[in-house]
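Structure file entry-v9.csv (CSV, C-alpha atoms) is printed below.
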```csv
chain,number,residue,atom,x,y,z
I,289,MET,CA,-14.1,25.9,-17.5
I,290,LYS,CA,-16.9,23.7,-16.4
I,291,LEU,CA,-16.1,20.0,-16.1
I,292,SER,CA,-18.4,17.1,-15.3
I,293,SER,CA,-17.9,15.3,-12.0
I,294,SER,CA,-16.4,12.4,-13.9
I,295,MET,CA,-13.9,14.6,-15.7
I,296,GLU,CA,-12.9,16.2,-12.4
I,297,ASP,CA,-12.3,12.7,-11.0
I,298,TYR,CA,-10.1,11.9,-14.0
I,299,LEU,CA,-8.2,15.1,-13.7
I,300,GLU,CA,-7.8,14.7,-9.9
I,301,ALA,CA,-6.4,11.2,-10.5
I,302,VAL,CA,-4.0,12.4,-13.1
I,303,GLY,CA,-2.9,15.2,-10.8
I,304,GLU,CA,-2.3,12.8,-7.9
I,305,LEU,CA,-0.4,10.3,-10.0
I,306,CYS,CA,1.7,13.1,-11.5
I,307,ASN,CA,2.5,14.3,-8.0
I,308,GLN,CA,3.5,10.8,-6.9
I,309,LYS,CA,5.3,9.5,-10.0
I,310,GLY,CA,5.9,12.5,-12.3
I,311,ALA,CA,3.4,11.3,-14.9
I,312,ALA,CA,0.4,9.1,-15.1
I,313,ARG,CA,-0.2,6.0,-17.2
I,314,VAL,CA,-3.6,4.9,-18.5
I,315,LYS,CA,-3.5,1.7,-16.6
I,316,ASP,CA,-2.6,3.5,-13.3
I,317,ILE,CA,-5.5,5.9,-13.8
I,318,ALA,CA,-7.9,3.0,-14.5
I,319,SER,CA,-6.7,1.2,-11.4
I,320,LYS,CA,-6.9,4.4,-9.2
I,321,LEU,CA,-10.5,5.1,-10.3
I,322,ASN,CA,-11.6,1.4,-10.7
I,323,VAL,CA,-12.6,1.9,-14.3
I,324,THR,CA,-11.7,0.3,-17.6
I,325,THR,CA,-8.8,1.4,-19.7
I,326,PRO,CA,-11.2,2.3,-22.6
I,327,SER,CA,-13.0,4.7,-20.2
I,328,VAL,CA,-9.7,6.3,-19.3
I,329,VAL,CA,-8.7,6.6,-23.0
I,330,SER,CA,-12.0,8.3,-23.7
I,331,ALA,CA,-11.7,10.7,-20.8
I,332,ILE,CA,-8.1,11.6,-21.7
I,333,LYS,CA,-9.2,12.5,-25.2
I,334,ASN,CA,-11.8,14.8,-23.7
I,335,LEU,CA,-9.3,16.3,-21.4
I,336,LYS,CA,-6.8,16.8,-24.2
I,337,ARG,CA,-9.5,18.6,-26.3
I,338,LYS,CA,-10.0,20.9,-23.3
I,339,GLN,CA,-6.2,21.4,-23.2
I,340,LEU,CA,-5.9,20.1,-19.6
I,341,VAL,CA,-3.6,17.1,-20.3
I,342,GLU,CA,-1.0,16.1,-22.8
I,343,GLN,CA,-0.2,12.5,-23.8
I,344,GLU,CA,2.8,11.0,-25.5
I,345,ARG,CA,1.6,8.6,-28.2
I,346,TYR,CA,0.6,5.4,-26.3
I,347,GLY,CA,2.5,6.8,-23.3
I,348,PHE,CA,2.5,9.0,-20.2
I,349,VAL,CA,-0.2,11.5,-19.4
I,350,ARG,CA,0.8,14.8,-18.0
I,351,LEU,CA,-1.1,17.9,-17.0
I,352,THR,CA,-0.8,21.2,-18.9
I,353,ARG,CA,-0.4,24.4,-17.0
I,354,GLN,CA,-4.1,24.9,-17.0
I,355,GLY,CA,-4.6,21.3,-16.1
I,356,GLU,CA,-2.2,21.6,-13.1
I,357,LYS,CA,-4.2,24.7,-11.9
I,358,THR,CA,-7.5,23.0,-12.2
I,359,ALA,CA,-6.3,19.7,-10.7
I,360,ARG,CA,-4.8,21.6,-7.7
I,361,SER,CA,-8.2,23.2,-7.1
I,362,ILE,CA,-10.0,19.9,-7.3
I,363,ILE,CA,-7.5,18.2,-5.0
I,364,ARG,CA,-7.7,21.1,-2.5
I,365,ARG,CA,-11.5,20.9,-2.4
I,366,HIS,CA,-11.2,17.2,-1.7
I,367,GLN,CA,-8.6,17.7,1.1
I,368,VAL,CA,-10.6,20.5,2.8
I,369,LEU,CA,-13.7,18.4,2.8
I,370,TYR,CA,-11.9,15.2,3.8
I,371,HIS,CA,-10.2,16.9,6.8
I,372,PHE,CA,-13.4,18.6,7.9
I,373,LEU,CA,-15.3,15.3,7.8
I,374,ILE,CA,-12.6,13.6,9.8
I,375,ASN,CA,-11.4,16.3,12.2
I,376,VAL,CA,-14.6,18.1,12.9
I,377,LEU,CA,-17.4,15.6,12.3
I,378,GLY,CA,-15.4,12.6,13.4
I,379,LEU,CA,-16.2,10.4,10.5
I,380,ASP,CA,-14.1,7.3,9.7
I,381,TYR,CA,-11.5,7.6,7.0
I,382,GLU,CA,-13.3,5.5,4.4
I,383,THR,CA,-16.7,7.3,4.8
I,384,ALA,CA,-14.9,10.7,4.8
I,385,SER,CA,-13.0,9.9,1.6
I,386,LYS,CA,-16.1,8.7,-0.2
I,387,ASP,CA,-18.3,11.6,0.9
I,388,ALA,CA,-15.6,14.2,0.2
I,389,CYS,CA,-15.4,12.9,-3.3
I,390,ARG,CA,-19.2,13.2,-3.7
I,391,ILE,CA,-19.4,16.6,-2.1
I,392,GLU,CA,-16.4,18.2,-3.9
I,393,HIS,CA,-18.2,18.3,-7.2
I,394,ALA,CA,-21.1,20.3,-5.8
I,395,VAL,CA,-19.7,22.6,-3.2
I,396,SER,CA,-19.3,26.3,-4.0
I,397,LYS,CA,-16.0,28.1,-3.4
I,398,GLN,CA,-17.7,30.2,-0.7
I,399,THR,CA,-18.9,27.2,1.2
I,400,LEU,CA,-15.5,25.5,0.9
I,401,GLU,CA,-13.8,28.6,2.3
I,402,ARG,CA,-16.3,28.7,5.2
I,403,LEU,CA,-15.7,25.0,6.0
I,404,LEU,CA,-12.0,25.6,6.0
I,405,ALA,CA,-12.4,28.7,8.2
I,406,ALA,CA,-14.7,26.7,10.6
I,407,ALA,CA,-12.1,23.9,10.8
I,408,ASP,CA,-9.3,26.3,11.4
I,409,TYR,CA,-11.4,28.1,14.1
I,410,ILE,CA,-12.2,24.9,15.9
I,411,GLU,CA,-8.6,23.8,15.8
I,412,GLN,CA,-7.5,27.2,17.2
I,413,GLU,CA,-10.0,27.1,19.9
I,414,SER,CA,-9.0,23.6,20.8
I,415,ARG,CA,-5.5,24.9,21.5
I,416,GLN,CA,-7.0,27.4,23.9
I,417,GLY,CA,-8.6,24.8,26.0
I,418,LEU,CA,-12.0,23.8,24.5
I,419,ASN,CA,-11.8,20.7,22.3
I,420,TRP,CA,-14.7,21.4,20.0
I,421,SER,CA,-14.2,18.2,18.1
I,422,TYR,CA,-14.3,16.1,21.3
I,423,GLU,CA,-17.4,18.1,22.5
I,424,PHE,CA,-19.1,17.6,19.2
I,425,GLN,CA,-18.4,13.9,19.2
I,426,LYS,CA,-19.8,13.6,22.8
I,427,TYR,CA,-22.9,15.7,21.8
I,428,TYR,CA,-23.5,13.5,18.8
I,429,ALA,CA,-23.1,10.3,20.7
I,430,ASP,CA,-25.5,11.5,23.4
I,431,ARG,CA,-28.0,12.6,20.7
I,432,GLU,CA,-27.8,9.2,19.0
I,433,ASP,CA,-28.4,7.5,22.3
I,434,SER,CA,-31.5,9.6,23.1
I,435,GLU,CA,-32.9,9.0,19.6
I,436,ARG,CA,-32.6,5.2,20.1
I,437,THR,CA,-34.7,5.3,23.3
```
Conversion result in structure tokens:
Amino acid sequence: MKLSSSMEDYLEAVGELCNQKGAARVKDIASKLNVTTPSVVSAIKNLKRKQLVEQERYGFVRLTRQGEKTARSIIRRHQVLYHFLINVLGLDYETASKDACRIEHAVSKQTLERLLAAADYIEQESRQGLNWSYEFQKYYADREDSERT
């Protein structure tokens, strides 16, 4: 099932809130995504039509089985990208979070798996003596310095 980036963001937010609190409320979704409650209501209607969420009348929003599966996939993409951006590329947490959110909607499953494998490889090699992340940070800093001069 193809979802727009926006619908993926809503489903991800519902999934995260359900994981944290057992269910999501419209106002919590709005707060998490920094959107209005009418926007959330509209998105929830759309997700209900796609049978990804259920909602009690004026109440809690929960994921359906298919919604859970889809939300887990979206959350996983975000986590893989976020950790790669922080642990391999050395970005700060805020930039990594924002960029992971942008990239997660466009990245293919194959690219995501390769990024995860690259991060795992680099972590494994770091345990064997070569700290790839450190070396990359050093290389990048030197490169920036040489571009400034």
Non-local contacts of range 426-431 of chain I (10 Å; all atoms listed in the file; under 6 positions in same chain excluded) as number ranges by chain:
I: 377-378, 420
Quick check, in Å to one decimal: how far apart do CA of Val368 in chain I and CA of Leu404 in chain I lie?
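About the pair CA of Val368 in chain I and CA of Leu404 in chain I: they are 6.2 Å apart.
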Can you tell me, as a PyMOL selection string, what residues are no more than 12 Å from Arg345 in chain I when counting all atoms listed in the file, ignoring any on the same chain fewer than 5 positions away?
chain I and resi 313-314+329+333+350
How many Å separate CA of Ala359 in chain I from CA of Gln412 in chain I?
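Between CA of Ala359 in chain I and CA of Gln412 in chain I the gap is 28.9 Å.
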Write out as a list in words each polymer residue whose atoms come within 12 Å of Ala406 in chain I, counting only C-alpha atoms; drop sequence neighbours fewer than 2 positions from it.
Val368, Leu369, His371, Phe372, Leu373, Asn375, Val376, Leu377, Thr399, Leu400, Glu401, Arg402, Leu403, Leu404, Asp408, Tyr409, Ile410, Glu411, Gln412, Glu413, Trp420 and Ser421 of chain I
Could you list, as a VMD selection string, every residue within 7 Å of His366 in chain I, counting only C-alpha atoms and ignoring same-chain residues fewer than 4 positions away?
chain I and resid 362 370 388 to 389 392
Work out how far apart CA of Ala301 in chain I and CA of Ile317 in chain I are and give it in Å to one decimal.
6.3 Å
Set out as JSON lines a contact list for range 321-395 of chain I and range 309-312 of chain I with a cut-off of 10 Å, giving each residue of range 321-395 of chain I that qualifies its closest atom pair and distance in Å to one decimal, counting only C-alpha atoms, ordered by chain and rising residue number.
```
{"residue": "I:Gln343", "atom": "CA", "partner": "I:Ala312", "partner_atom": "CA", "distance": 9.4}
{"residue": "I:Gly347", "atom": "CA", "partner": "I:Ala312", "partner_atom": "CA", "distance": 8.8}
{"residue": "I:Phe348", "atom": "CA", "partner": "I:Ala312", "partner_atom": "CA", "distance": 5.5}
{"residue": "I:Val349", "atom": "CA", "partner": "I:Ala312", "partner_atom": "CA", "distance": 5.0}
{"residue": "I:Arg350", "atom": "CA", "partner": "I:Ala311", "partner_atom": "CA", "distance": 5.3}
{"residue": "I:Leu351", "atom": "CA", "partner": "I:Ala311", "partner_atom": "CA", "distance": 8.3}
```
Of the candidates I:Ser293, I:Leu340, I:Ser396, I:Ile374, which one gets nearest to Thr358 in chain I if we count all atoms listed in the file?
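Among the listed residues, I:Leu340 lies closest to Thr358 in chain I.
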Go through I:Gln339, I:Asn307, I:Ser361, I:Asn419 one by one, measure the shortest atom-to-atom distance of each to His393 in chain I using only C-alpha atoms, and give the residue with the smallest value.
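Selected residue with least distance to His393 in chain I: I:Ser361.
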May I ask which of the residues I:Gln367, I:Asp316, I:Ile332, I:Leu418 is the closest one to Asp387 in chain I, counting only C-alpha atoms?
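Under the stated criterion, the closest residue is I:Gln367.
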For Cys306 in chain I, which residue out of I:Asp380, I:Glu356, I:Gln425, I:Ser414 is the nearest one, using all atoms listed in the file?
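Comparing I:Asp380, I:Glu356, I:Gln425, I:Ser414 against Cys306 in chain I, the winner is I:Glu356.
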Some atoms are absent from range 319-330 of chain I, so rebuild all heavy atoms and return them as a compact mmCIF listing (two decimals), keeping the file's coordinate frame.
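And here's out-v2.txt as it stands now:
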```txt
# COMPACT_ATOMS: atom_id res chain seq x y z
N SER I 319 -6.74 1.91 -12.65
CA SER I 319 -6.70 1.20 -11.40
C SER I 319 -7.10 2.15 -10.22
O SER I 319 -7.87 1.75 -9.34
CB SER I 319 -5.23 0.74 -11.13
OG SER I 319 -5.11 0.17 -9.87
N LYS I 320 -6.62 3.38 -10.25
CA LYS I 320 -6.90 4.40 -9.20
C LYS I 320 -8.44 4.63 -9.12
O LYS I 320 -9.01 4.77 -8.04
CB LYS I 320 -6.17 5.64 -9.42
CG LYS I 320 -6.34 6.67 -8.33
CD LYS I 320 -5.32 7.77 -8.48
CE LYS I 320 -5.34 8.72 -7.33
NZ LYS I 320 -4.97 8.15 -6.04
N LEU I 321 -9.08 4.73 -10.29
CA LEU I 321 -10.50 5.10 -10.30
C LEU I 321 -11.42 3.85 -10.44
O LEU I 321 -12.64 3.99 -10.46
CB LEU I 321 -10.78 6.02 -11.50
CG LEU I 321 -10.12 7.39 -11.40
CD1 LEU I 321 -10.38 8.20 -12.66
CD2 LEU I 321 -10.62 8.14 -10.17
N ASN I 322 -10.79 2.67 -10.52
CA ASN I 322 -11.60 1.40 -10.70
C ASN I 322 -12.48 1.46 -11.88
O ASN I 322 -13.68 1.19 -11.77
CB ASN I 322 -12.33 1.14 -9.37
CG ASN I 322 -12.77 -0.30 -9.28
OD1 ASN I 322 -12.14 -1.19 -9.86
ND2 ASN I 322 -13.87 -0.54 -8.58
N VAL I 323 -11.90 1.84 -13.02
CA VAL I 323 -12.60 1.90 -14.30
C VAL I 323 -11.83 1.14 -15.33
O VAL I 323 -10.69 0.74 -15.10
CB VAL I 323 -12.88 3.36 -14.75
CG1 VAL I 323 -13.76 4.10 -13.76
CG2 VAL I 323 -11.57 4.09 -14.96
N THR I 324 -12.41 0.96 -16.51
CA THR I 324 -11.70 0.30 -17.60
C THR I 324 -10.76 1.19 -18.31
O THR I 324 -10.94 2.41 -18.31
CB THR I 324 -12.72 -0.32 -18.60
OG1 THR I 324 -13.41 0.78 -19.23
CG2 THR I 324 -13.73 -1.25 -17.92
N THR I 325 -9.77 0.59 -18.97
CA THR I 325 -8.80 1.40 -19.70
C THR I 325 -9.51 2.14 -20.90
O THR I 325 -9.16 3.29 -21.16
CB THR I 325 -7.61 0.60 -20.23
OG1 THR I 325 -8.04 -0.54 -20.94
CG2 THR I 325 -6.73 0.18 -19.06
N PRO I 326 -10.50 1.54 -21.59
CA PRO I 326 -11.20 2.30 -22.60
C PRO I 326 -11.89 3.57 -22.08
O PRO I 326 -11.92 4.61 -22.74
CB PRO I 326 -12.20 1.33 -23.23
CG PRO I 326 -11.61 -0.01 -22.98
CD PRO I 326 -10.91 0.12 -21.65
N SER I 327 -12.39 3.48 -20.86
CA SER I 327 -13.00 4.70 -20.20
C SER I 327 -11.96 5.74 -20.00
O SER I 327 -12.22 6.93 -20.23
CB SER I 327 -13.63 4.29 -18.88
OG SER I 327 -14.71 3.41 -19.07
N VAL I 328 -10.78 5.33 -19.57
CA VAL I 328 -9.70 6.30 -19.30
C VAL I 328 -9.27 6.93 -20.65
O VAL I 328 -9.10 8.15 -20.73
CB VAL I 328 -8.48 5.62 -18.64
CG1 VAL I 328 -7.32 6.60 -18.52
CG2 VAL I 328 -8.87 5.08 -17.28
N VAL I 329 -9.11 6.11 -21.69
CA VAL I 329 -8.70 6.60 -23.00
C VAL I 329 -9.70 7.68 -23.49
O VAL I 329 -9.32 8.75 -23.97
CB VAL I 329 -8.54 5.47 -24.02
CG1 VAL I 329 -8.37 6.01 -25.43
CG2 VAL I 329 -7.37 4.58 -23.63
N SER I 330 -10.97 7.40 -23.34
CA SER I 330 -12.00 8.30 -23.70
C SER I 330 -11.94 9.64 -22.93
O SER I 330 -12.03 10.74 -23.48
CB SER I 330 -13.39 7.69 -23.58
OG SER I 330 -14.41 8.59 -23.87
```
